Amino acid sequence: MTFEKLDRIVELTIKYTTLGTLSIGAGDQPQSTVDSPLIRIGGEPVIPGSSLKGALRSNLEAILAQRGVAVCVPYTAIPNDIRKSGRTGQYLQDIGRLNTCKPNEEICPICQMFGTAGGAQGLSGHVIVLDARLKDTFDPAILTERTHVAITRDTRAQAGGALVSVEAVDAGVEFSGIIRLVNPEDWMVGAILRGLEVLGYLGVGAKKTSGYGQLQVEPQQVVIRKLTATGWEATAGDLDAYRQAFDTRLAKATG
Ligand SMILES: [Zn+2]
């Protein structure tokens, strides 16, 4: 991620508490970070920043789309058969979304925040989501096992009723994570806070509908770091003021 200049970094500290049992993805499954809200790093359960960022992005897409603000569909989210058959235009119209933003054109608020998903030519976003790590020293007693019926990935059908056991983390375990916004506009910080509220309702991970992935999400503080002539200067910010900035911007955008 590169920036022409670095004016300020806004840093949110977030506490995540597991409300139910949260499964830990097995490292040998490439898709595990998508399906499981937790992975292991150095033996310890961690909520990956990439999962949190993905959930935040889709929550905010939903919030804005629901309020009538035009947001794009990530290229990879458009089904292959629709793209190949040239029905993309109709598809976008049906779901009320813009075509995937391109870096040299006008870009939607989501891509302004998170960047365009266009690989090397993509526009970098303002949001960096770090992995959330255990608040306390790792105690293996927080680990448990969950048994569920194996699901065939492609069809989501039950695979012959086979039971699989997955490692999981108990309810009531606290994690702490940082979200950094580089040179953000105030509404972007508020948008992250609103997106986090939805994260608390919907959870993370593909199994959230069956009770996995429920998290209590509590922003703890916001610190603004500014680069001055004498070095970095840190001041505490007001979470509610940022929420207000987003709500005001949203009200303007929707008239
Ligand atoms: Zn976009």
# chains A, B, ... in the order shown; residues from 1 in each chain; ligands from 1
call {"tool": "residues_near_ligand", "arguments": {"ligand": "ligand 1", "cutoff": "8 Å", "atoms": "only C-alpha atoms and all ligand atoms", "output": "MDAnalysis selection string"}}
result
chainID A and resid 71:74 98:102 107:112 115:116
call {"tool": "residues_around", "arguments": {"residues": "Leu143 (chain A)", "least_positions_apart": "2", "cutoff": "8 Å", "atoms": "only C-alpha atoms", "output": "list in words"}}
result
Pro140, Ala141, Glu145, Glu167, Ala168, Val169 and Asp170 of chain A
call {"tool": "residues_around", "arguments": {"residues": "region 185-201 of chain A", "least_positions_apart": "6", "cutoff": "10 Å", "atoms": "only C-alpha atoms", "output": "ChimeraX atom specification"}}
result
/A:10-12,14,16-17,19,52-53,55-64,109-110,112-114,126-127,179,213-219,222,239-250
call {"tool": "select_by_dssp", "arguments": {"residues": "region 190-254 of chain A", "states": "strand (DSSP E or B)", "output": "number ranges by chain"}}
result
A: 215-228, 231-236
call {"tool": "select_by_dssp", "arguments": {"residues": "region 214-250 of chain A", "states": "helix (DSSP H, G or I)", "output": "PDB file with C-alpha atoms, in the first residue's frame"}}
result
ATOM      1  CA  LEU A 239     -16.141   7.849  18.627  1.00  0.00           C
ATOM      2  CA  ASP A 240     -19.590   9.476  18.536  1.00  0.00           C
ATOM      3  CA  ALA A 241     -18.359  12.446  16.508  1.00  0.00           C
ATOM      4  CA  TYR A 242     -17.154  10.041  13.820  1.00  0.00           C
ATOM      5  CA  ARG A 243     -20.462   8.147  13.832  1.00  0.00           C
ATOM      6  CA  GLN A 244     -22.210  11.513  13.404  1.00  0.00           C
ATOM      7  CA  ALA A 245     -19.959  12.413  10.456  1.00  0.00           C
ATOM      8  CA  PHE A 246     -20.977   9.220   8.679  1.00  0.00           C
ATOM      9  CA  ASP A 247     -24.694   9.620   9.450  1.00  0.00           C
ATOM     10  CA  THR A 248     -24.641  13.219   8.202  1.00  0.00           C
ATOM     11  CA  ARG A 249     -22.856  12.223   5.007  1.00  0.00           C
ATOM     12  CA  LEU A 250     -25.299   9.385   4.459  1.00  0.00           C
TER      13      LEU A 250
END
call {"tool": "closest_residue", "arguments": {"among": "A:Glu174, A:Asp94, A:Arg87, A:Val204", "to": "Phe138 (chain A)", "atoms": "only C-alpha atoms"}}
result
A:Glu174
call {"tool": "residues_around", "arguments": {"residues": "Ile178 (chain A)", "least_positions_apart": "2", "cutoff": "8 Å", "atoms": "only C-alpha atoms", "output": "VMD selection string"}}
result
chain A and resid 11 to 14 129 to 132 176 180
call {"tool": "atom_distance", "arguments": {"atom1": "CA of Leu227 (chain A)", "atom2": "CA of Asp7 (chain A)"}}
result
5.9 Å
call {"tool": "closest_residue", "arguments": {"among": "A:Leu202, A:Val223, A:Leu134, A:Ile78", "to": "Ile47 (chain A)", "atoms": "only C-alpha atoms"}}
result
A:Leu134
call {"tool": "closest_residue", "arguments": {"among": "A:Lys226, A:Lys84, A:Lys252, A:Arg133", "to": "Pro48 (chain A)", "atoms": "only C-alpha atoms"}}
result
A:Arg133
